[in-house]
Amino acid sequence: MGPRATIGAVMDVGPSLDAQSQSASRQCALVDMVGRQVEVEHPLTVLTGTNPSPTMRTGGERLARSRFCSRTSLAVLLITWTWAAGCATRLPVVTTAAYPSYPVPVVPPALADNPAVAEHERAWLYLQSGDLEAAERGFTAALRISPEFHPSDAGLGFVELSRGASAQAVARFDDALSRAPTYVPALVGRGEALLTVGRVSEAIASFEAAVAADPSLTPLRRRVEDLRFTDLMAQVTRARAARAAGRDDDARAAYERLIAASPDSGFLYIELADIEQREGHGEAALRRLEQAIELDRGAVTAWRMMATLYLAADDLDRGEQALLRAESIEPTRETSRLLADIEIRRLEASRPPEYRRIEASEAVTRGELAALVGIRFQALMSERAGARTTIITDARDYWGYGWVIAVSQAGVMEADTNYRFQPDREVTRAELADVLIRVRQLAGGADTAPSVTRPSFSDLAPSHLRYAAASEAVALGMLVPLERNTFQPGRGVLGTEAVEAVERLIRLLDENP
């Protein structure tokens, strides 16, 4: 009767081998395929599920030892021979495995008596010796003997993986899994092959299936977690690149996939909300931000973005609440400014519609200018209320009558000798300059601008009655000269021009109180 070879990872054989078989094993293993002497470090156990030693309880334990331990040397693979007629066949003795990271395609107990076992075990030994051609022949021979012998399908998968033929390797592992869906070596091998071609998500799924089949694979479980995080961040990088390049559809699809894979990552919702906001999808952006805040109430970026969206929709109350939450988390000058702007907008919203139309006016009237000054300098006008007796006979029914009285009592604008204010008469640039200078003086500003050279105009001589106010308004930056260095004192004033001049005066007073 000829010899029968069995192979496996180096583990303690235990008392199951008698002294005679151990001696024969050691004698025959001392000779390799070309007759050279090699050192035998340990005896060898079998890969089949029969007669296991105490250290070979589960496939998961073998995988944990052979595939996932931290870069330790693979234990020596040897050949144990049971002799009936002597050492007739020489096989390589593997003292250093060519592929130590591969999990051994163990033969399950149900297939232990299959006639393909011997060919399968010899083929694995050839693979670990580095002879891929002989390994392929052996695994193929095993499958010819028993086409349903799935461990050899997995063995061929490792042969292809060793050759760098990842697609063929995946196909071989799939063949094994079609016959044994929970066969751990094939699941792990398939995952490794998928990783080599960048199919990380599929590789993770294959590794997870292996862990589900054998929960003892703790190192593999940790590796899955690392791979999942690495893959997630790679996808985030691609999504951000698409967003930066303006490929919003690609970016949105990428973020939605990421959220499905990692629904507890709040920053993903915020970055997706940014895309929705940029495309004008305010409601969709708000929903994403609300999801981010549900995950993290301290997400200050989400609160600020939410405030921006609410304010853009003129929802001042909810915009203010969002800003207050952001301010409580991380106070900033910008948040304080936005909160102040909300108060201004509330005041503006409470004004008559005629006032809100001033900025769009093609020609500002005296009544509109009185309202603009009275509202923007309300505190200053109130301080001067009643300082002088004012009689106005033609503005009682005017919509801005209260502000007409306020600016008149403060001496900023005056009625004519007949007590007529003429609220509907258009304002000239010269009158605007005069009003601006009077407001500045009323606020405590100097009569003239110190260290500022008064400009000259081609159409307004220094002796002109309006020159002083016009030159000072231009020198201080409240008004600007027109084409060909003219001031054009009699020209009308646009609404935007009047509003901008008043805003410049406010900034001037803030800078020089």
# chains A, B, ... in the order shown; residues from 1 in each chain; ligands from 1
>>> residues_around(residues="region 125-141 of chain A", least_positions_apart="2", cutoff="8 Å", atoms="only C-alpha atoms", output="ChimeraX atom specification")
/A:7,77,92-94,96-100,116,119-123,143-145,152-153,155-156,159,162
>>> write_last_selection(atoms="C-alpha atoms", output="PDB file, in the first residue's frame")
ATOM      1  CA  ILE A   7      -0.383  18.619   5.739  1.00  0.00           C
ATOM      2  CA  LEU A  77       4.817  22.984   7.542  1.00  0.00           C
ATOM      3  CA  PRO A  92       8.845  19.358  -0.538  1.00  0.00           C
ATOM      4  CA  VAL A  93       9.374  20.119   3.100  1.00  0.00           C
ATOM      5  CA  VAL A  94       8.186  23.689   3.789  1.00  0.00           C
ATOM      6  CA  THR A  96       9.264  28.850   5.412  1.00  0.00           C
ATOM      7  CA  ALA A  97       5.814  29.230   3.900  1.00  0.00           C
ATOM      8  CA  ALA A  98       5.682  31.191   0.632  1.00  0.00           C
ATOM      9  CA  TYR A  99       2.290  32.674   1.555  1.00  0.00           C
ATOM     10  CA  PRO A 100       2.085  32.748   5.340  1.00  0.00           C
ATOM     11  CA  ALA A 116      -9.893  14.080  -3.093  1.00  0.00           C
ATOM     12  CA  GLU A 119      -4.560  15.517  -3.662  1.00  0.00           C
ATOM     13  CA  HIS A 120      -5.874  18.631  -1.963  1.00  0.00           C
ATOM     14  CA  GLU A 121      -3.402  18.406   0.911  1.00  0.00           C
ATOM     15  CA  ARG A 122      -0.447  17.782  -1.408  1.00  0.00           C
ATOM     16  CA  ALA A 123      -1.518  20.743  -3.571  1.00  0.00           C
ATOM     17  CA  LEU A 143     -11.720  18.476  -8.330  1.00  0.00           C
ATOM     18  CA  ARG A 144     -11.588  15.849 -11.076  1.00  0.00           C
ATOM     19  CA  ILE A 145     -11.877  13.219  -8.388  1.00  0.00           C
ATOM     20  CA  SER A 152      -9.897  22.802  -3.684  1.00  0.00           C
ATOM     21  CA  ASP A 153     -11.947  25.529  -5.381  1.00  0.00           C
ATOM     22  CA  GLY A 155      -7.162  26.413  -3.147  1.00  0.00           C
ATOM     23  CA  LEU A 156      -7.290  27.396  -6.825  1.00  0.00           C
ATOM     24  CA  VAL A 159      -3.199  30.016  -6.617  1.00  0.00           C
ATOM     25  CA  SER A 162      -0.619  34.376  -5.738  1.00  0.00           C
TER      26      SER A 162
END
>>> closest_residue(among="A:Ala171, A:Leu372, A:Ala395, A:Ala118", to="Ser146 (chain A)", atoms="only C-alpha atoms")
A:Ala118
>>> atom_distance(atom1="CA of Asp510 (chain A)", atom2="CA of Val407 (chain A)")
20.6 Å
>>> closest_residue(among="A:Ala244, A:Leu194, A:Met381, A:Leu442", to="Gly164 (chain A)", atoms="only C-alpha atoms")
A:Leu194
>>> closest_residue(among="A:Ala254, A:Ile204, A:Leu460, A:Ala498", to="Arg376 (chain A)", atoms="only C-alpha atoms")
A:Ala498
>>> residues_around(residues="region 318-320 of chain A", least_positions_apart="3", cutoff="9 Å", atoms="only C-alpha atoms", output="PyMOL selection string")
chain A and resi 304+306-312+314-315+323-325+338-339+342
>>> write_last_selection(atoms="N, CA and C atoms", output="PDB file, in the first residue's frame")
ATOM      1  N   ARG A 304     -25.273  77.909  12.392  1.00  0.00           N
ATOM      2  CA  ARG A 304     -25.010  79.129  11.610  1.00  0.00           C
ATOM      3  C   ARG A 304     -25.593  79.025  10.205  1.00  0.00           C
ATOM      4  N   MET A 306     -28.087  77.177   9.342  1.00  0.00           N
ATOM      5  CA  MET A 306     -29.536  77.228   9.500  1.00  0.00           C
ATOM      6  C   MET A 306     -30.005  78.674   9.644  1.00  0.00           C
ATOM      7  N   ALA A 307     -29.270  79.481  10.427  1.00  0.00           N
ATOM      8  CA  ALA A 307     -29.620  80.891  10.595  1.00  0.00           C
ATOM      9  C   ALA A 307     -29.575  81.620   9.263  1.00  0.00           C
ATOM     10  N   THR A 308     -28.554  81.340   8.471  1.00  0.00           N
ATOM     11  CA  THR A 308     -28.428  81.984   7.158  1.00  0.00           C
ATOM     12  C   THR A 308     -29.623  81.664   6.273  1.00  0.00           C
ATOM     13  N   LEU A 309     -30.041  80.420   6.287  1.00  0.00           N
ATOM     14  CA  LEU A 309     -31.185  80.015   5.460  1.00  0.00           C
ATOM     15  C   LEU A 309     -32.474  80.674   5.939  1.00  0.00           C
ATOM     16  N   TYR A 310     -32.682  80.723   7.254  1.00  0.00           N
ATOM     17  CA  TYR A 310     -33.884  81.356   7.785  1.00  0.00           C
ATOM     18  C   TYR A 310     -33.910  82.848   7.460  1.00  0.00           C
ATOM     19  N   LEU A 311     -32.773  83.511   7.625  1.00  0.00           N
ATOM     20  CA  LEU A 311     -32.727  84.956   7.357  1.00  0.00           C
ATOM     21  C   LEU A 311     -32.930  85.246   5.877  1.00  0.00           C
ATOM     22  N   ALA A 312     -32.413  84.367   5.010  1.00  0.00           N
ATOM     23  CA  ALA A 312     -32.622  84.551   3.578  1.00  0.00           C
ATOM     24  C   ALA A 312     -34.094  84.440   3.212  1.00  0.00           C
ATOM     25  N   ASP A 314     -36.425  85.537   5.226  1.00  0.00           N
ATOM     26  CA  ASP A 314     -37.074  86.570   6.047  1.00  0.00           C
ATOM     27  C   ASP A 314     -37.771  85.998   7.279  1.00  0.00           C
ATOM     28  N   ASP A 315     -37.329  84.817   7.727  1.00  0.00           N
ATOM     29  CA  ASP A 315     -37.849  84.253   8.966  1.00  0.00           C
ATOM     30  C   ASP A 315     -36.919  84.707  10.096  1.00  0.00           C
ATOM     31  N   LEU A 323     -29.084  81.699  15.610  1.00  0.00           N
ATOM     32  CA  LEU A 323     -27.876  82.474  15.921  1.00  0.00           C
ATOM     33  C   LEU A 323     -27.582  82.478  17.414  1.00  0.00           C
ATOM     34  N   LEU A 324     -28.613  82.569  18.220  1.00  0.00           N
ATOM     35  CA  LEU A 324     -28.417  82.559  19.675  1.00  0.00           C
ATOM     36  C   LEU A 324     -27.835  81.217  20.128  1.00  0.00           C
ATOM     37  N   ARG A 325     -28.276  80.105  19.486  1.00  0.00           N
ATOM     38  CA  ARG A 325     -27.706  78.805  19.837  1.00  0.00           C
ATOM     39  C   ARG A 325     -26.232  78.749  19.429  1.00  0.00           C
ATOM     40  N   LEU A 338     -24.731  89.761  13.067  1.00  0.00           N
ATOM     41  CA  LEU A 338     -25.963  89.261  12.455  1.00  0.00           C
ATOM     42  C   LEU A 338     -27.158  89.448  13.387  1.00  0.00           C
ATOM     43  N   LEU A 339     -26.937  89.261  14.679  1.00  0.00           N
ATOM     44  CA  LEU A 339     -28.028  89.489  15.631  1.00  0.00           C
ATOM     45  C   LEU A 339     -28.447  90.954  15.632  1.00  0.00           C
ATOM     46  N   ILE A 342     -30.540  91.695  12.635  1.00  0.00           N
ATOM     47  CA  ILE A 342     -31.926  91.231  12.769  1.00  0.00           C
ATOM     48  C   ILE A 342     -32.778  92.325  13.413  1.00  0.00           C
TER      49      ILE A 342
END
>>> residues_around(residues="Ala253 (chain A)", least_positions_apart="6", cutoff="12 Å", atoms="only C-alpha atoms", output="ChimeraX atom specification")
/A:235-236,238-240,242-243,247,259-260,268,272,275-276
>>> residues_around(residues="Asp274 (chain A)", least_positions_apart="3", cutoff="12 Å", atoms="only C-alpha atoms", output="MDAnalysis selection string")
chainID A and resid 240 243:244 246 248 251:252 255 267:271 277:289 301:302 304:306 308:309
>>> atom_distance(atom1="CA of Gln441 (chain A)", atom2="CA of Glu362 (chain A)")
28.4 Å
>>> select_by_dssp(residues="region 318-475 of chain A", states="strand (DSSP E or B)", output="list in words")
Thr365, Glu426, Thr428, Phe457 and Leu460 of chain A
